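Asks: mmCIF, C-alpha atoms and all ligand atoms, file query_21.cif:
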```cif
data_data
#
loop_
_atom_site.label_atom_id
_atom_site.label_comp_id
_atom_site.auth_asym_id
_atom_site.auth_seq_id
_atom_site.Cartn_x
_atom_site.Cartn_y
_atom_site.Cartn_z
CA MET A 1 -32.96 22.63 53.14
CA LYS A 2 -32.56 22.23 49.41
CA TYR A 3 -31.87 25.50 47.57
CA ASP A 4 -33.14 26.17 44.07
CA PHE A 5 -30.31 27.85 42.17
CA ASP A 6 -32.30 27.41 38.94
CA GLU A 7 -34.76 30.06 40.08
CA ILE A 8 -34.62 33.18 37.92
CA VAL A 9 -34.91 36.24 40.13
CA ASP A 10 -35.66 39.62 38.57
CA ARG A 11 -32.93 42.02 39.72
CA SER A 12 -33.65 44.68 37.14
CA ARG A 13 -35.40 47.07 39.52
CA THR A 14 -33.04 46.68 42.48
CA GLY A 15 -30.33 48.99 41.19
CA ALA A 16 -28.09 45.98 40.55
CA GLU A 17 -24.98 47.30 38.80
CA LYS A 18 -24.82 44.19 36.62
CA TYR A 19 -28.18 45.12 35.06
CA THR A 20 -28.43 48.89 35.33
CA GLY A 21 -24.88 49.32 34.01
CA LEU A 22 -25.59 47.42 30.78
CA GLU A 23 -26.82 50.40 28.81
CA LYS A 24 -24.14 52.80 30.02
CA LEU A 25 -21.16 50.49 29.74
CA TYR A 26 -22.12 48.19 26.91
CA GLY A 27 -24.77 50.19 25.06
CA ASN A 28 -27.01 47.13 24.96
CA PRO A 29 -29.53 46.83 27.80
CA GLU A 30 -30.73 43.49 26.39
CA ALA A 31 -27.34 41.74 26.61
CA ILE A 32 -27.10 38.82 29.05
CA PRO A 33 -25.06 40.24 31.94
CA LEU A 34 -22.18 37.91 32.82
CA TRP A 35 -19.77 40.61 34.00
CA VAL A 36 -19.92 42.10 37.57
CA ALA A 37 -18.65 39.50 40.06
CA ASP A 38 -21.79 38.92 42.07
CA MET A 39 -24.35 36.14 41.79
CA ASP A 40 -27.89 36.02 40.47
CA PHE A 41 -28.90 33.75 43.37
CA LYS A 42 -30.89 34.59 46.49
CA ALA A 43 -28.91 34.55 49.71
CA ALA A 44 -29.09 31.64 52.16
CA GLN A 45 -32.32 31.34 54.15
CA PRO A 46 -30.66 31.96 57.57
CA ILE A 47 -29.38 35.29 56.22
CA LEU A 48 -32.80 36.28 54.90
CA ASP A 49 -34.35 35.30 58.25
CA ALA A 50 -31.79 37.32 60.19
CA VAL A 51 -32.44 40.41 58.07
CA ARG A 52 -36.20 40.01 58.46
CA GLU A 53 -35.89 39.70 62.20
CA ARG A 54 -33.63 42.75 62.37
CA THR A 55 -36.01 44.75 60.16
CA GLU A 56 -38.98 43.92 62.36
CA ASN A 57 -37.30 45.74 65.24
CA GLY A 58 -37.75 48.89 63.18
CA ILE A 59 -34.86 50.93 64.62
CA PHE A 60 -31.57 51.14 62.76
CA GLY A 61 -29.49 53.44 64.89
CA TYR A 62 -25.70 53.44 65.45
CA THR A 63 -24.67 49.87 65.98
CA VAL A 64 -21.61 48.27 67.51
CA ARG A 65 -20.30 44.86 66.68
CA PRO A 66 -21.72 42.08 68.82
CA GLU A 67 -19.31 40.43 71.23
CA LYS A 68 -19.13 37.18 69.25
CA TYR A 69 -18.72 38.75 65.80
CA TYR A 70 -15.03 37.97 65.45
CA SER A 71 -15.28 34.55 67.05
CA THR A 72 -17.91 33.61 64.46
CA VAL A 73 -15.50 34.63 61.69
CA CYS A 74 -12.65 32.70 63.32
CA SER A 75 -14.72 29.52 63.77
CA PHE A 76 -15.73 29.56 60.11
CA GLN A 77 -12.14 30.02 58.94
CA LYS A 78 -10.94 27.29 61.29
CA ARG A 79 -13.65 24.85 60.14
CA ARG A 80 -13.18 25.46 56.45
CA LYS A 81 -9.47 26.29 56.13
CA ASN A 82 -7.95 25.11 59.39
CA TRP A 83 -6.75 28.68 59.90
CA ASP A 84 -6.04 29.73 63.47
CA MET A 85 -6.69 33.45 63.65
CA ASP A 86 -6.19 35.85 66.49
CA GLU A 87 -9.38 37.83 67.21
CA LYS A 88 -7.27 40.67 68.61
CA LEU A 89 -5.60 41.18 65.23
CA MET A 90 -8.76 41.68 63.15
CA SER A 91 -10.68 44.75 62.02
CA VAL A 92 -13.90 45.27 60.16
CA SER A 93 -14.10 47.71 57.28
CA LEU A 94 -16.22 48.78 54.35
CA GLY A 95 -14.88 46.32 51.82
CA VAL A 96 -11.75 44.66 50.52
CA VAL A 97 -10.97 47.32 47.92
CA PRO A 98 -11.37 50.22 50.40
CA SER A 99 -9.16 48.26 52.81
CA ILE A 100 -6.44 47.69 50.22
CA CYS A 101 -6.51 51.39 49.30
CA MET A 102 -6.30 52.36 52.95
CA LEU A 103 -3.46 49.93 53.63
CA ILE A 104 -1.46 51.29 50.72
CA SER A 105 -1.94 54.89 51.65
CA GLU A 106 -1.22 54.30 55.35
CA LEU A 107 1.59 51.74 55.22
CA THR A 108 3.61 52.82 52.20
CA GLU A 109 5.35 56.01 51.14
CA PRO A 110 4.99 57.93 47.87
CA GLU A 111 6.90 56.18 45.11
CA ASP A 112 7.16 52.91 47.01
CA ARG A 113 7.11 49.96 44.65
CA ILE A 114 4.27 47.45 44.80
CA ILE A 115 4.07 44.18 42.86
CA ILE A 116 0.89 42.80 41.35
CA GLN A 117 0.53 39.67 39.20
CA THR A 118 -1.18 40.46 35.94
CA PRO A 119 -3.72 40.04 34.48
CA VAL A 120 -5.55 40.83 37.70
CA TYR A 121 -8.61 42.51 39.20
CA ARG A 122 -8.50 46.10 37.95
CA PRO A 123 -8.81 47.94 41.30
CA PHE A 124 -5.36 46.58 42.26
CA TYR A 125 -3.85 48.83 39.58
CA ASN A 126 -5.90 51.82 40.69
CA ALA A 127 -5.16 51.31 44.39
CA VAL A 128 -1.44 51.58 43.67
CA ARG A 129 -1.47 54.29 41.00
CA ASP A 130 -4.08 56.52 42.62
CA ALA A 131 -1.94 56.60 45.76
CA GLY A 132 1.06 57.72 43.68
CA ARG A 133 2.98 54.50 44.31
CA GLU A 134 4.95 52.69 41.62
CA LEU A 135 3.30 49.64 40.11
CA LEU A 136 5.50 46.66 39.29
CA GLU A 137 3.66 44.23 37.05
CA SER A 138 4.71 40.62 37.20
CA PRO A 139 2.88 38.85 34.37
CA LEU A 140 1.60 35.36 35.14
CA LEU A 141 3.09 32.61 33.00
CA GLU A 142 0.79 30.55 30.85
CA SER A 143 1.40 26.95 29.98
CA ASP A 144 -1.13 24.61 28.36
CA GLY A 145 -4.02 26.90 29.28
CA CYS A 146 -3.05 27.18 32.96
CA PHE A 147 -1.44 30.12 34.75
CA TYR A 148 1.53 30.14 37.11
CA MET A 149 3.51 32.67 39.14
CA ASP A 150 6.78 33.82 37.61
CA PHE A 151 9.03 33.45 40.65
CA GLU A 152 12.17 34.61 38.85
CA ASP A 153 10.44 37.81 37.87
CA ILE A 154 8.99 38.36 41.36
CA GLU A 155 12.45 37.84 42.86
CA GLU A 156 13.92 40.33 40.41
CA LYS A 157 11.30 42.88 41.39
CA ALA A 158 11.89 42.20 45.08
CA ARG A 159 15.61 42.78 44.42
CA GLN A 160 14.70 46.09 42.78
CA GLY A 161 13.24 47.18 46.11
CA ALA A 162 9.55 46.30 46.00
CA ARG A 163 8.10 46.96 49.46
CA TYR A 164 4.70 45.33 49.10
CA MET A 165 2.93 42.83 46.93
CA ILE A 166 -0.83 42.50 46.46
CA LEU A 167 -1.57 38.81 46.12
CA CYS A 168 -4.86 37.65 44.65
CA SER A 169 -5.60 34.24 46.18
CA PRO A 170 -7.56 32.58 44.62
CA HIS A 171 -6.76 34.54 41.53
CA ASN A 172 -9.31 36.67 39.72
CA PRO A 173 -9.53 36.31 36.70
CA VAL A 174 -7.47 33.18 35.96
CA GLY A 175 -9.18 31.06 38.65
CA ARG A 176 -6.05 29.57 40.21
CA VAL A 177 -6.13 28.28 43.78
CA TRP A 178 -2.45 28.57 44.63
CA THR A 179 -0.84 25.41 45.99
CA LYS A 180 1.07 25.24 49.27
CA LYS A 181 4.30 24.80 47.31
CA GLU A 182 3.64 27.94 45.26
CA LEU A 183 2.77 29.96 48.34
CA GLU A 184 5.86 28.70 50.17
CA THR A 185 8.11 29.67 47.25
CA LEU A 186 6.51 33.11 47.09
CA GLY A 187 6.75 33.47 50.87
CA ASP A 188 10.41 32.53 50.78
CA ILE A 189 11.15 35.37 48.33
CA CYS A 190 9.14 37.83 50.43
CA ILE A 191 10.97 36.82 53.61
CA ARG A 192 14.42 37.08 51.98
CA TYR A 193 13.78 40.54 50.55
CA GLY A 194 11.47 41.95 53.24
CA VAL A 195 8.46 42.33 50.94
CA ARG A 196 5.18 42.58 52.86
CA VAL A 197 2.06 41.06 51.34
CA ILE A 198 -1.53 42.21 51.20
CA SER A 199 -3.33 38.97 50.45
CA ASP A 200 -6.77 39.48 48.94
CA GLU A 201 -8.56 36.22 49.77
CA ILE A 202 -12.09 37.37 49.03
CA HIS A 203 -12.69 34.36 46.75
CA SER A 204 -11.22 31.85 49.18
CA ASP A 205 -14.48 30.12 50.14
CA LEU A 206 -15.42 29.55 46.52
CA VAL A 207 -13.07 26.69 45.83
CA LEU A 208 -14.08 23.98 43.36
CA TRP A 209 -13.36 20.30 42.69
CA GLY A 210 -12.09 19.61 46.18
CA ASN A 211 -9.15 22.03 45.79
CA ARG A 212 -7.96 23.49 49.07
CA HIS A 213 -7.41 27.17 49.68
CA ILE A 214 -4.45 27.80 51.93
CA PRO A 215 -4.45 31.23 53.58
CA PHE A 216 -1.08 32.83 52.85
CA ALA A 217 -0.75 33.82 56.51
CA ALA A 218 -1.25 30.17 57.52
CA VAL A 219 1.64 28.82 55.45
CA SER A 220 4.20 29.53 58.17
CA GLU A 221 4.73 31.79 61.17
CA GLU A 222 7.40 33.72 59.28
CA ILE A 223 5.00 34.37 56.39
CA ARG A 224 2.19 35.33 58.79
CA LYS A 225 4.40 38.06 60.20
CA LEU A 226 4.59 39.84 56.85
CA THR A 227 1.02 39.29 55.70
CA ILE A 228 -2.16 41.33 55.92
CA THR A 229 -5.19 39.33 54.75
CA CYS A 230 -8.51 40.61 53.44
CA ILE A 231 -11.52 38.32 53.63
CA SER A 232 -15.26 38.82 53.64
CA ALA A 233 -18.62 37.11 53.62
CA THR A 234 -19.79 39.32 50.78
CA LYS A 235 -18.33 37.37 47.86
CA THR A 236 -18.99 33.95 49.35
CA PHE A 237 -22.59 34.60 50.31
CA ASN A 238 -23.57 37.15 47.65
CA LEU A 239 -23.83 40.13 49.99
CA ALA A 240 -21.64 42.64 48.11
CA GLY A 241 -24.25 45.38 48.40
CA LEU A 242 -23.69 45.37 52.17
CA GLN A 243 -20.08 46.58 51.82
CA ASN A 244 -18.31 44.82 54.62
CA SER A 245 -15.03 42.98 55.01
CA ILE A 246 -12.51 41.81 57.56
CA THR A 247 -8.81 42.58 57.61
CA VAL A 248 -6.41 40.34 59.50
CA PHE A 249 -3.11 41.82 60.68
CA PRO A 250 0.26 40.34 61.59
CA ASP A 251 0.71 42.59 64.64
CA ILE A 252 -1.11 45.12 66.78
CA GLU A 253 0.96 48.06 65.51
CA THR A 254 -0.22 47.57 61.92
CA LYS A 255 -3.81 47.07 63.08
CA ASN A 256 -3.68 50.31 65.06
CA ILE A 257 -2.48 52.28 62.04
CA PHE A 258 -5.39 50.91 60.01
CA ASP A 259 -7.98 51.48 62.75
CA ARG A 260 -6.80 55.06 63.32
CA ALA A 261 -7.22 55.81 59.61
CA TRP A 262 -10.85 54.59 59.63
CA GLY A 263 -11.38 56.41 62.92
CA ARG A 264 -10.33 59.69 61.26
CA LEU A 265 -13.20 59.14 58.82
CA HIS A 266 -15.56 58.35 61.70
CA ILE A 267 -16.28 54.88 60.40
CA GLU A 268 -15.84 52.87 63.57
CA CYS A 269 -19.45 51.75 63.72
CA SER A 270 -20.77 49.29 61.16
CA ASN A 271 -23.80 49.09 58.95
CA CYS A 272 -26.27 47.19 61.13
CA PHE A 273 -27.40 44.92 58.29
CA SER A 274 -23.88 43.97 57.27
CA LEU A 275 -23.19 42.84 60.82
CA VAL A 276 -26.34 40.76 61.02
CA CYS A 277 -25.79 39.20 57.60
CA THR A 278 -22.08 38.46 58.00
CA GLN A 279 -22.73 36.74 61.29
CA ALA A 280 -25.68 34.72 60.00
CA ALA A 281 -23.67 33.77 56.92
CA PHE A 282 -20.58 32.54 58.76
CA GLU A 283 -22.63 30.83 61.44
CA HIS A 284 -25.43 29.21 59.44
CA GLY A 285 -24.60 29.60 55.74
CA GLU A 286 -22.55 26.50 55.04
CA GLU A 287 -25.41 24.31 53.89
CA TRP A 288 -26.19 26.89 51.18
CA LEU A 289 -22.50 27.29 50.36
CA GLU A 290 -21.96 23.57 49.79
CA GLN A 291 -24.93 23.41 47.43
CA LEU A 292 -23.79 26.58 45.68
CA ILE A 293 -20.33 25.13 45.02
CA THR A 294 -21.85 21.99 43.51
CA TYR A 295 -24.12 24.12 41.31
CA ILE A 296 -21.23 26.29 40.12
CA GLU A 297 -19.19 23.18 39.33
CA GLY A 298 -22.12 22.05 37.19
CA ASN A 299 -22.16 25.37 35.35
CA VAL A 300 -18.41 25.28 34.81
CA ASN A 301 -18.63 21.72 33.44
CA LEU A 302 -21.39 22.80 31.10
CA VAL A 303 -19.26 25.68 29.77
CA MET A 304 -16.14 23.55 29.38
CA ASP A 305 -18.01 20.81 27.49
CA TYR A 306 -19.95 23.26 25.35
CA PHE A 307 -16.87 25.12 24.17
CA SER A 308 -14.94 21.97 23.37
CA SER A 309 -17.89 20.46 21.45
CA PHE A 310 -19.41 23.48 19.72
CA ILE A 311 -17.09 26.51 19.89
CA PRO A 312 -13.55 25.06 19.80
CA GLN A 313 -12.17 28.43 18.63
CA ILE A 314 -12.62 29.70 22.23
CA LYS A 315 -10.64 27.96 24.95
CA PRO A 316 -11.97 28.32 28.50
CA VAL A 317 -9.52 28.00 31.37
CA ARG A 318 -11.01 25.58 33.91
CA PRO A 319 -11.12 27.52 37.20
CA GLU A 320 -9.93 25.85 40.40
CA GLY A 321 -11.83 28.46 42.40
CA THR A 322 -14.18 31.45 41.93
CA TYR A 323 -17.25 31.41 39.67
CA LEU A 324 -15.39 33.20 36.90
CA ILE A 325 -14.16 31.54 33.71
CA TRP A 326 -11.27 33.05 31.78
CA LEU A 327 -11.92 32.60 28.09
CA ASP A 328 -9.07 32.56 25.60
CA CYS A 329 -10.68 34.03 22.47
CA ARG A 330 -7.42 34.88 20.70
CA GLN A 331 -8.14 32.46 17.88
CA LEU A 332 -11.01 34.72 16.78
CA GLY A 333 -8.28 37.16 15.74
CA MET A 334 -9.94 40.30 17.11
CA THR A 335 -8.55 43.26 19.01
CA GLY A 336 -9.89 43.81 22.53
CA ARG A 337 -12.31 46.43 21.29
CA GLN A 338 -13.55 44.27 18.41
CA LEU A 339 -13.98 41.30 20.75
CA THR A 340 -16.14 43.26 23.21
CA ASP A 341 -18.19 44.65 20.35
CA PHE A 342 -18.64 41.14 18.95
CA MET A 343 -19.70 39.69 22.30
CA VAL A 344 -22.12 42.50 23.13
CA ASN A 345 -23.63 43.25 19.76
CA LYS A 346 -23.38 39.97 17.85
CA ALA A 347 -23.61 37.39 20.65
CA GLY A 348 -25.70 39.55 23.01
CA ILE A 349 -23.54 38.81 26.05
CA ALA A 350 -21.92 41.35 28.37
CA MET A 351 -18.72 39.85 29.81
CA SER A 352 -15.70 41.62 31.28
CA ALA A 353 -13.08 42.40 28.65
CA GLY A 354 -9.66 40.86 29.18
CA THR A 355 -8.07 44.28 28.78
CA TYR A 356 -9.88 45.40 31.96
CA PHE A 357 -7.49 43.08 33.82
CA GLY A 358 -4.29 44.09 32.08
CA LYS A 359 -2.68 44.90 28.80
CA ASN A 360 -1.33 41.36 28.57
CA ALA A 361 -4.92 40.03 28.40
CA GLU A 362 -6.03 41.25 25.01
CA GLY A 363 -8.12 38.55 23.33
CA TYR A 364 -9.51 37.19 26.61
CA MET A 365 -12.93 37.64 28.19
CA ARG A 366 -14.10 36.81 31.73
CA MET A 367 -17.39 35.00 32.04
CA ASN A 368 -19.35 34.96 35.31
CA VAL A 369 -21.29 31.69 35.65
CA ALA A 370 -22.91 32.40 39.04
CA CYS A 371 -26.36 32.48 37.51
CA PRO A 372 -29.13 29.98 36.78
CA ARG A 373 -28.03 27.28 34.35
CA ALA A 374 -30.70 28.22 31.82
CA ILE A 375 -29.03 31.64 31.47
CA VAL A 376 -25.61 30.08 30.93
CA GLN A 377 -27.14 27.77 28.31
CA LYS A 378 -28.80 30.68 26.53
CA ALA A 379 -25.56 32.68 26.50
CA LEU A 380 -23.61 29.72 25.09
CA GLN A 381 -26.19 29.15 22.40
CA GLN A 382 -26.12 32.81 21.36
CA LEU A 383 -22.33 32.79 21.33
CA LYS A 384 -22.23 29.67 19.15
CA GLU A 385 -24.60 31.26 16.65
CA ALA A 386 -22.49 34.42 16.52
CA VAL A 387 -19.23 32.49 16.04
CA ASP A 388 -20.82 30.28 13.38
CA ALA A 389 -22.01 33.40 11.56
CA LEU A 390 -18.41 34.70 11.48
CA GLU A 391 -17.38 31.69 9.48
CA ALA A 392 -20.44 31.49 7.23
C1 LIG B 401 -10.17 39.93 43.93
C2 LIG B 401 -11.26 40.83 44.40
N1 LIG B 401 -11.04 41.65 45.44
C3 LIG B 401 -12.00 42.48 45.90
C4 LIG B 401 -13.24 42.52 45.30
C5 LIG B 401 -14.27 43.50 45.80
O1 LIG B 401 -14.28 43.53 47.17
P1 LIG B 401 -15.18 44.58 47.97
O2 LIG B 401 -16.52 44.60 47.32
O3 LIG B 401 -15.22 44.05 49.36
O4 LIG B 401 -14.48 45.90 47.88
C6 LIG B 401 -13.50 41.68 44.21
C7 LIG B 401 -14.81 41.74 43.55
O5 LIG B 401 -15.01 41.25 42.48
C8 LIG B 401 -12.50 40.82 43.76
O6 LIG B 401 -12.70 40.00 42.72
#
```
Show how you would write the structure in this file as structure tokens.
Replies:
Amino acid sequence: MKYDFDEIVDRSRTGAEKYTGLEKLYGNPEAIPLWVADMDFKAAQPILDAVRERTENGIFGYTVRPEKYYSTVCSFQKRRKNWDMDEKLMSVSLGVVPSICMLISELTEPEDRIIIQTPVYRPFYNAVRDAGRELLESPLLESDGCFYMDFEDIEEKARQGARYMILCSPHNPVGRVWTKKELETLGDICIRYGVRVISDEIHSDLVLWGNRHIPFAAVSEEIRKLTITCISATKTFNLAGLQNSITVFPDIETKNIFDRAWGRLHIECSNCFSLVCTQAAFEHGEEWLEQLITYIEGNVNLVMDYFSSFIPQIKPVRPEGTYLIWLDCRQLGMTGRQLTDFMVNKAGIAMSAGTYFGKNAEGYMRMNVACPRAIVQKALQQLKEAVDALEA
């Protein structure tokens, strides 16, 4: 079927964080919300049908995973990424961030050193610091508006005794889909120094322009042995409110440690809706996903063209994956605080501040374009007027 991503759906009374948080976080409930990384699109029809069918049963008691749950996940990953996964080395949990936090607290010791590549998704910082582990920041290198890993720096940090690295692949917020060569070089350092990797691949199905996501664990058998991968249907299919994800382990010992930790919290069963939706999504959601990717590419093109024609002071970084655009606003000459204030109160747009992702990201903003095109157009227009007014 043909999906209508132009449809404007009112989320304001659903408790959507993106809308209800506007007043509290930005002090402007009227701002166009382009911050929280979820989409303003309805889920794929097979998912809606599956939920309806499940609801009609009327009983939502304790639920175990259906037999073919993991095989559905594996088939999807094989079809889309040619990744051969072992069903016996997978676990379900309540989300990627809870899984990363659990992995850090269960697999590392106090004061262990953990590398992250900054700027990066804020909860990576918190997961390390809140567990009392030492954070080693390896800033990404920027060249001609594109971002790269700093291998020399990562190697230096590995030499200093880093035990783990949290990899963001594709990278939020800079939108990189790491190449095989980059992943091999990183993997080589990790193998030489015994650094294990938690690879957050939650954005890995949202890859644009024919780029290919390569699961870190699929680069080589040696790399697989040191990698724990987090994936989910929630980002891909806009199901974040269901709080569900899948963790893929290198060996049964590591999986058992993780499962025991969830078991201690009595969270072995799953939310019955998240099971139904994840399965419907991975089994029948690809038609929607293909159309979504094309629509997001259209929105990204619109943003790129608009900035270069009408707001050349702001330089968007063309994402290779994700629906997030990293905007270089440094030419406006504002501090992080001034920039957020300008965006919210002068342009009427609520985006994520660069400083949320790291102290090396002052002057940047992250724009979420997973919304109907008319909203993106309106936001761009408002931003142009606000920037023009600065110079008037
Ligand atoms: C890189 C990354 N990891 C994890 C998450 C959140 O995952 P979950 O909702 O499963 O905890 C996000 C959400 O934006 C993200 O961008």
Asks: Using all atoms listed in the file, determine which residues lie at most 10 Å from Ile47 of chain A, disregarding the query and same-chain residues fewer than 3 positions distant; provide the list as a PyMOL selection string.
Replies: chain A and resi 42-44+50-53+237+239+276-285
Asks: Could you give me the axis-aligned bounding box of segment 209-221 of chain A, with 8 Å of padding per side, as centre plus edge lengths in Å to one decimal, as lines of an AutoDock Vina configuration file?
Replies:
```
center_x = -4.3
center_y = 26.7
center_z = 51.9
size_x = 34.1
size_y = 30.2
size_z = 34.5
```
Asks: For each of A:Val36, A:Met367, A:Val64, A:Met334, take the minimum atom-to-atom distance to ligand LIG 401 (chain B), counting all atoms listed in the file, then give the residue where this is smallest.
Replies: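 Among A:Val36, A:Met367, A:Val64, A:Met334, it is A:Val36 that comes nearest to ligand LIG 401 (chain B).
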Asks: What gap, in Å, lies between atom CA of Gly321 of chain A and atom CA of Ala353 of chain A?
Replies: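 Straight-line distance from atom CA of Gly321 of chain A to atom CA of Ala353 of chain A works out to 19.6 Å.
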Asks: Considering only C-alpha atoms and all ligand atoms, can you say which of A:Met365, A:Val174, A:Ala218, A:Val73 comes closest to ligand LIG 401 (chain B)?
Replies: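 Looking only at the distances to ligand LIG 401 (chain B), the closest residue turns out to be A:Val174.
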Asks: Tell me which protein, DNA and RNA residues are within 8 Å of Gly363 of chain A, counting all atoms listed in the file, leaving out same-chain ones fewer than 6 positions away, and put them as a list in words.
Replies: Asp328, Cys329, Arg330, Gly333, Met334, Thr335, Gly336, Leu339, Gly354 and Thr355 of chain A
Asks: For C-alpha atoms, I'd like the residues from the last selection saved as an mmCIF file, in the coordinates of the input.
Replies:
```
data_model
loop_
_atom_site.group_PDB
_atom_site.id
_atom_site.type_symbol
_atom_site.label_atom_id
_atom_site.label_comp_id
_atom_site.auth_asym_id
_atom_site.auth_seq_id
_atom_site.Cartn_x
_atom_site.Cartn_y
_atom_site.Cartn_z
ATOM 1 C CA ASP A 328 -9.070 32.560 25.600
ATOM 2 C CA CYS A 329 -10.680 34.030 22.470
ATOM 3 C CA ARG A 330 -7.420 34.880 20.700
ATOM 4 C CA GLY A 333 -8.280 37.160 15.740
ATOM 5 C CA MET A 334 -9.940 40.300 17.110
ATOM 6 C CA THR A 335 -8.550 43.260 19.010
ATOM 7 C CA GLY A 336 -9.890 43.810 22.530
ATOM 8 C CA LEU A 339 -13.980 41.300 20.750
ATOM 9 C CA GLY A 354 -9.660 40.860 29.180
ATOM 10 C CA THR A 355 -8.070 44.280 28.780
#
```
Asks: Give me the chain A side of the contact with ligand LIG 401 (chain B), cut-off 9 Å, one line per residue showing its nearest atom pair and distance in Å at one decimal, counting all atoms listed in the file, sorted by chain and residue number, as CSV.
Replies:
```
residue,atom,partner,partner_atom,distance
A:Val36,CA,B:LIG401,O5,7.0
A:Ala37,CA,B:LIG401,O5,4.7
A:Asp38,CA,B:LIG401,O5,7.2
A:Ser93,CA,B:LIG401,O3,8.8
A:Leu94,CA,B:LIG401,O3,6.9
A:Gly95,CA,B:LIG401,O3,3.4
A:Val96,CA,B:LIG401,O3,3.7
A:Val97,CA,B:LIG401,O4,3.8
A:Pro98,CA,B:LIG401,O4,5.9
A:Ser99,CA,B:LIG401,O4,7.6
A:Ile100,CA,B:LIG401,O4,8.6
A:Val120,CA,B:LIG401,C1,7.8
A:Tyr121,CA,B:LIG401,C1,5.6
A:Arg122,CA,B:LIG401,C1,8.8
A:Pro123,CA,B:LIG401,C3,7.8
A:Phe124,CA,B:LIG401,N1,8.2
A:Leu167,CA,B:LIG401,C1,8.9
A:Cys168,CA,B:LIG401,C1,5.8
A:Ser169,CA,B:LIG401,C1,7.6
A:Pro170,CA,B:LIG401,C1,7.8
A:His171,CA,B:LIG401,C1,6.8
A:Asn172,CA,B:LIG401,C1,5.4
A:Pro173,CA,B:LIG401,O6,7.7
A:Asp200,CA,B:LIG401,N1,5.9
A:Glu201,CA,B:LIG401,C1,7.1
A:Ile202,CA,B:LIG401,N1,5.7
A:His203,CA,B:LIG401,C1,6.7
A:Cys230,CA,B:LIG401,N1,8.5
A:Ile231,CA,B:LIG401,O3,8.0
A:Ser232,CA,B:LIG401,O3,6.8
A:Ala233,CA,B:LIG401,O3,8.8
A:Thr234,CA,B:LIG401,O3,6.7
A:Lys235,CA,B:LIG401,C7,7.1
A:Leu239,CA,B:LIG401,O2,9.0
A:Ala240,CA,B:LIG401,O2,5.5
A:Gly241,CA,B:LIG401,O2,7.8
A:Leu242,CA,B:LIG401,O2,8.7
A:Gln243,CA,B:LIG401,O3,6.0
A:Asn244,CA,B:LIG401,O3,6.1
A:Ser245,CA,B:LIG401,O3,5.8
A:Ile246,CA,B:LIG401,O3,8.9
A:Thr322,CA,B:LIG401,O6,8.7
```
Asks: From the set A:Lys359, A:Lys225, A:Lys255, A:Lys346, which residue has the shortest atom-to-atom contact distance to Tyr125 of chain A, counting only C-alpha atoms?
Replies: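 Under the stated criterion, the closest residue is A:Lys359.
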Asks: In Å, rounded to a single decimal, give me how far atom CA of Ala31 of chain A is from atom CA of Leu208 of chain A.
Replies: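 These two atoms are separated by 27.8 Å.
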Asks: Mind dumping segment 218-229 of chain A from that block, keeping N, CA and C atoms, as a CSV table (one decimal), in the first residue's frame?
Replies:
```
chain,number,residue,atom,x,y,z
A,218,ALA,N,29.6,-8.0,12.4
A,218,ALA,CA,29.7,-8.8,11.2
A,218,ALA,C,30.9,-8.5,10.3
A,219,VAL,N,31.8,-7.6,10.9
A,219,VAL,CA,33.0,-7.2,10.1
A,219,VAL,C,33.9,-8.4,10.0
A,220,SER,N,34.1,-9.1,11.2
A,220,SER,CA,35.0,-10.3,11.1
A,220,SER,C,34.7,-11.1,12.4
A,221,GLU,N,35.1,-12.4,12.4
A,221,GLU,CA,34.8,-13.3,13.5
A,221,GLU,C,35.5,-12.8,14.7
A,222,GLU,N,36.7,-12.3,14.5
A,222,GLU,CA,37.5,-11.7,15.7
A,222,GLU,C,36.8,-10.5,16.3
A,223,ILE,N,36.2,-9.7,15.5
A,223,ILE,CA,35.5,-8.5,16.0
A,223,ILE,C,34.2,-9.0,16.7
A,224,ARG,N,33.5,-9.9,16.1
A,224,ARG,CA,32.3,-10.4,16.7
A,224,ARG,C,32.5,-10.9,18.1
A,225,LYS,N,33.7,-11.5,18.4
A,225,LYS,CA,33.9,-12.0,19.7
A,225,LYS,C,34.1,-11.0,20.8
A,226,LEU,N,34.3,-9.7,20.4
A,226,LEU,CA,34.4,-8.7,21.4
A,226,LEU,C,33.3,-7.7,21.4
A,227,THR,N,32.2,-8.0,20.6
A,227,THR,CA,31.2,-7.1,20.4
A,227,THR,C,29.8,-7.5,21.0
A,228,ILE,N,29.2,-6.5,21.7
A,228,ILE,CA,27.8,-6.7,22.1
A,228,ILE,C,27.0,-5.7,21.3
A,229,THR,N,25.9,-6.1,20.6
A,229,THR,CA,25.2,-5.2,19.8
A,229,THR,C,23.8,-4.9,20.3
```
